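One file, coords15.tsv, is given below (TSV, C-alpha atoms).
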chain	number	residue	atom	x	y	z
A	908	MET	CA	-20.44	20.40	12.65
A	909	ASP	CA	-23.87	19.22	11.55
A	910	GLU	CA	-24.77	16.01	9.71
A	911	LYS	CA	-24.66	17.72	6.29
A	912	ASP	CA	-21.02	18.70	6.92
A	913	VAL	CA	-20.16	15.16	7.98
A	914	HIS	CA	-21.77	13.75	4.81
A	915	ALA	CA	-19.64	16.13	2.75
A	916	LEU	CA	-16.53	14.97	4.61
A	917	LEU	CA	-17.24	11.31	3.98
A	918	ALA	CA	-18.66	11.22	0.45
A	919	GLN	CA	-18.78	7.73	-1.05
A	920	TYR	CA	-18.52	6.78	-4.71
A	921	TYR	CA	-17.70	3.69	-6.77
A	922	LEU	CA	-15.06	2.85	-9.37
A	923	PRO	CA	-15.45	-0.06	-11.79
A	924	LYS	CA	-12.91	-2.89	-11.61
A	925	THR	CA	-12.58	-3.22	-15.37
A	926	HIS	CA	-9.99	-6.01	-15.10
A	927	LYS	CA	-12.40	-8.27	-13.18
A	928	PRO	CA	-15.14	-10.47	-14.69
A	929	GLY	CA	-18.54	-8.79	-14.56
A	930	THR	CA	-16.90	-5.40	-13.84
A	931	PRO	CA	-17.76	-5.21	-10.14
A	932	LEU	CA	-17.71	-1.85	-8.38
A	933	ARG	CA	-15.12	-0.86	-5.78
A	934	PRO	CA	-16.58	1.41	-3.10
A	935	ILE	CA	-14.44	4.47	-2.46
A	936	VAL	CA	-14.94	6.68	0.55
A	937	SER	CA	-13.48	10.04	-0.30
A	938	ASP	CA	-11.24	11.22	2.48
A	939	LEU	CA	-10.10	14.47	0.90
A	940	LYS	CA	-11.55	16.34	3.89
A	941	HIS	CA	-10.98	13.55	6.40
A	942	PRO	CA	-9.26	14.70	9.61
A	943	THR	CA	-6.20	12.47	8.97
A	944	ILE	CA	-5.70	13.43	5.30
A	945	LYS	CA	-2.99	16.01	5.97
A	946	ILE	CA	-1.04	13.63	8.18
A	947	SER	CA	-1.43	10.87	5.58
A	948	THR	CA	-0.25	13.16	2.78
A	949	TYR	CA	2.73	14.40	4.79
A	950	LEU	CA	3.82	10.89	5.79
A	951	ASP	CA	3.45	9.67	2.23
A	952	GLN	CA	5.67	12.50	1.00
A	953	LEU	CA	8.31	11.43	3.53
A	954	LEU	CA	8.06	7.67	2.96
A	955	ARG	CA	7.29	7.08	-0.71
A	956	PRO	CA	10.72	8.25	-1.95
A	957	LEU	CA	12.34	5.89	0.56
A	958	PHE	CA	10.26	2.96	-0.67
A	959	ASP	CA	11.03	3.85	-4.29
A	960	LYS	CA	14.72	3.78	-3.39
A	961	ILE	CA	14.69	0.27	-1.89
A	962	ALA	CA	12.35	-1.17	-4.53
A	963	LEU	CA	14.02	0.39	-7.58
A	964	LYS	CA	15.67	-2.81	-8.82
A	965	THR	CA	12.74	-5.19	-8.24
A	966	THR	CA	9.57	-3.15	-8.77
A	967	THR	CA	7.88	-1.62	-11.79
A	968	THR	CA	4.52	0.02	-12.35
A	969	SER	CA	4.45	-0.37	-16.12
A	970	GLY	CA	3.18	-3.51	-17.83
A	971	PHE	CA	5.08	-2.51	-20.96
A	972	LYS	CA	8.31	-2.19	-18.95
A	973	VAL	CA	7.73	-5.64	-17.40
A	974	MET	CA	7.29	-7.22	-20.83
A	975	LYS	CA	10.43	-5.51	-22.11
A	976	GLN	CA	12.43	-6.68	-19.09
A	977	VAL	CA	11.16	-10.26	-19.41
A	978	TYR	CA	12.02	-10.28	-23.12
A	979	GLU	CA	15.54	-8.95	-22.50
A	980	TRP	CA	16.07	-11.38	-19.62
A	981	SER	CA	14.74	-14.33	-21.61
A	982	THR	CA	17.20	-13.92	-24.49
A	983	ASN	CA	20.00	-15.29	-22.27
A	984	ASN	CA	18.26	-16.93	-19.32
A	985	LEU	CA	15.06	-18.67	-20.43
A	986	ARG	CA	15.21	-22.44	-20.07
A	987	GLU	CA	12.62	-25.15	-20.43
A	988	GLU	CA	12.23	-25.45	-16.66
A	989	THR	CA	11.82	-21.68	-16.15
A	990	LEU	CA	8.63	-20.79	-14.31
A	991	LEU	CA	7.23	-17.28	-14.39
A	992	CYS	CA	4.43	-16.35	-12.01
A	993	THR	CA	2.43	-13.31	-11.03
A	994	ILE	CA	0.44	-12.42	-7.95
A	995	ASP	CA	-2.94	-10.68	-7.91
A	996	ILE	CA	-4.08	-9.72	-4.44
A	997	VAL	CA	-7.83	-9.29	-4.15
A	998	ASP	CA	-8.67	-5.94	-2.52
A	999	LEU	CA	-5.04	-5.34	-1.56
A	1000	TYR	CA	-5.43	-1.99	0.19
A	1001	THR	CA	-8.32	-3.08	2.35
A	1002	MET	CA	-6.96	-6.55	3.10
A	1003	ILE	CA	-3.52	-5.68	4.48
A	1004	PRO	CA	-3.56	-6.18	8.24
A	1005	GLN	CA	-3.10	-2.75	9.80
A	1006	THR	CA	-0.45	-3.79	12.30
A	1007	GLU	CA	1.57	-5.68	9.69
A	1008	GLY	CA	1.33	-2.71	7.32
A	1009	VAL	CA	2.80	-0.42	9.97
A	1010	LEU	CA	5.49	-3.04	10.74
A	1011	ALA	CA	6.42	-3.21	7.04
A	1012	ILE	CA	7.15	0.53	7.09
A	1013	LYS	CA	9.17	0.05	10.29
A	1014	LYS	CA	11.10	-2.78	8.62
A	1015	MET	CA	11.88	-0.52	5.66
A	1016	LEU	CA	13.12	2.26	7.94
A	1017	ASP	CA	15.24	-0.22	9.92
A	1018	TYR	CA	16.65	-1.61	6.66
A	1019	LEU	CA	17.64	1.93	5.64
A	1020	GLU	CA	19.13	2.46	9.12
A	1021	LEU	CA	17.31	5.77	9.59
A	1022	LYS	CA	16.89	7.40	13.00
A	1023	GLN	CA	14.77	10.31	11.74
A	1024	ILE	CA	13.25	11.73	8.57
A	1025	GLY	CA	12.48	15.36	7.97
A	1026	GLY	CA	13.33	16.19	11.58
A	1027	LEU	CA	10.93	13.57	12.98
A	1028	LYS	CA	12.15	10.59	14.99
A	1029	ILE	CA	11.20	7.21	13.55
A	1030	GLU	CA	9.13	6.42	16.68
A	1031	ILE	CA	6.96	9.50	16.04
A	1032	ILE	CA	6.53	8.58	12.36
A	1033	ILE	CA	5.43	5.05	13.33
A	1034	ARG	CA	2.94	6.43	15.86
A	1035	LEU	CA	1.51	8.79	13.24
A	1036	ILE	CA	1.19	5.95	10.71
A	1037	ARG	CA	-0.60	3.83	13.30
A	1038	PHE	CA	-2.90	6.77	14.10
A	1039	VAL	CA	-3.80	7.25	10.44
A	1040	MET	CA	-4.41	3.52	9.92
A	1041	LYS	CA	-6.58	3.18	13.04
A	1042	ASN	CA	-8.68	6.33	12.43
A	1043	ASN	CA	-10.37	5.79	9.07
A	1044	TYR	CA	-14.08	6.48	9.47
A	1045	PHE	CA	-16.80	6.36	6.88
A	1046	LEU	CA	-20.54	6.75	6.55
A	1047	TYR	CA	-22.63	4.00	4.99
A	1048	GLU	CA	-26.43	4.10	4.79
A	1049	GLY	CA	-26.63	6.66	7.58
A	1050	GLN	CA	-24.35	4.74	9.97
A	1051	TYR	CA	-20.76	5.66	10.87
A	1052	TYR	CA	-18.09	2.97	10.83
A	1053	CYS	CA	-14.41	2.73	11.71
A	1054	GLN	CA	-12.37	0.72	9.22
A	1055	ILE	CA	-10.75	-2.09	11.19
A	1056	ARG	CA	-8.93	-3.90	8.38
A	1057	GLY	CA	-6.54	-2.49	5.81
A	1058	GLY	CA	-6.07	1.09	4.74
A	1059	ALA	CA	-8.50	3.57	3.29
A	1060	MET	CA	-8.82	3.67	-0.48
A	1061	GLY	CA	-7.82	7.14	-1.60
A	1062	SER	CA	-5.55	7.80	1.36
A	1063	PRO	CA	-2.08	8.70	0.03
A	1064	LEU	CA	-0.32	6.70	2.74
A	1065	THR	CA	-2.25	3.49	1.95
A	1066	LEU	CA	-0.46	3.04	-1.38
A	1067	THR	CA	2.99	3.28	0.21
A	1068	ILE	CA	2.02	0.93	3.05
A	1069	ALA	CA	0.60	-1.62	0.59
A	1070	ASN	CA	3.67	-1.42	-1.63
A	1071	CYS	CA	6.03	-1.80	1.31
A	1072	TYR	CA	4.03	-4.71	2.75
A	1073	MET	CA	4.06	-6.52	-0.61
A	1074	PHE	CA	7.75	-5.77	-1.15
A	1075	PHE	CA	8.72	-7.70	1.98
A	1076	PHE	CA	6.08	-10.39	1.34
A	1077	GLU	CA	7.51	-10.99	-2.16
A	1078	ARG	CA	11.09	-11.02	-0.83
A	1079	ASN	CA	10.10	-13.86	1.52
A	1080	ILE	CA	8.64	-15.83	-1.39
A	1081	VAL	CA	11.79	-15.35	-3.47
A	1082	LYS	CA	13.94	-16.39	-0.50
A	1083	GLN	CA	11.88	-19.60	-0.06
A	1084	ILE	CA	12.11	-20.43	-3.76
A	1085	THR	CA	15.84	-19.75	-3.82
A	1086	ASN	CA	16.40	-21.96	-0.76
A	1087	ALA	CA	14.34	-24.76	-2.34
A	1088	LEU	CA	16.52	-24.88	-5.45

In structure tokens, how does this file's structure come out?
Amino acid sequence: MDEKDVHALLAQYYLPKTHKPGTPLRPIVSDLKHPTIKISTYLDQLLRPLFDKIALKTTTTSGFKVMKQVYEWSTNNLREETLLCTIDIVDLYTMIPQTEGVLAIKKMLDYLELKQIGGLKIEIIIRLIRFVMKNNYFLYEGQYYCQIRGGAMGSPLTLTIANCYMFFFERNIVKQITNAL
């Protein structure tokens, strides 16, 4: 493989963050031809339905749906002391600690009491997730780098890891609030 092929493998582009002041750009390193992309895609296909199953009652991806749920909830439950809050994590995918992201998936699988998925033992799945997370390489200004924090933007598995990590993070917050009341 020559340098031209490597550049094609690791093409970089930018997406605007339209919800942020000044519309900064988010660098995206395309990993569509990255060596771990097939493993990432396969693992995501195994794990995302499991995450969707455990998060069904507490997670939504639609702002409209959230507003509808809050409205319906508020008709019977809203009181003067009610506090609603939201969380916005800056650069979520790239800020999740890799080890903790893998552990969040392990926690989900333990919670579901699974010993294997799709014929693969959980230990093998965890090793593959760790391999994908630890082997994200990109090219920037002629220099190759290994991503040492978070998951790769554009990697299918990164979304599921981030969602799972935040699911358990949010559950801890709710538990603390509930215990404080």

d(atom CA of Gly1008 of chain A, atom CA of Cys1071 of chain A) in Å
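Calculated distance between atom CA of Gly1008 of chain A and atom CA of Cys1071 of chain A is 7.7 Å.
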
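Proximity to Ile1003 of chain A was assessed for A:Pro942, A:Pro956, A:Gly1057, A:Gly970 counting all atoms listed in the file; the smallest distance is recorded for A:Gly1057.
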
How many Å lie between atom CA of Ile1024 of chain A and atom CA of Met1040 of chain A, rounded to one decimal?
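Going from atom CA of Ile1024 of chain A over to atom CA of Met1040 of chain A, I get 19.5 Å.
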
Straight-line distance linking atom CA of Lys945 of chain A with atom CA of Leu999 of chain A, stated in Å to one decimal:
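Atom-to-atom, atom CA of Lys945 of chain A and atom CA of Leu999 of chain A are spaced 22.7 Å apart.
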
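When all atoms listed in the file are used to measure the gap to Gly1058 of chain A, the shortest distance among A:Met1002, A:Cys992, A:Leu1021, A:Ile1033 belongs to A:Met1002.
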
Residue contacts of Ile1032 of chain A (12 Å, only C-alpha atoms) excluding same-chain residues fewer than 3 positions away, as JSON, numbers by chain
{"A": [946, 947, 949, 950, 951, 953, 954, 1009, 1010, 1012, 1013, 1016, 1021, 1022, 1023, 1024, 1025, 1026, 1027, 1028, 1029, 1035, 1036, 1037, 1038, 1039, 1064]}

So that I can check the surroundings of Tyr1000 of chain A, please list as a PyMOL selection string every protein, DNA and RNA residue that reaches within 10 Å of it, counting only C-alpha atoms and ignoring chain neighbours fewer than 6 positions away.
chain A and resi 1008+1056-1062+1065-1070

Using all atoms listed in the file, the best pick from A:Gln1083, A:Leu957, A:Thr966, A:Thr943 as closest to Asp1017 of chain A would be A:Leu957

Looking at all atoms listed in the file, which of A:Glu1048, A:Ala1011, A:Thr948, A:Leu990 is the one that sits closest to Phe1074 of chain A?
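With all atoms listed in the file as the atom set, the closest residue is A:Ala1011.
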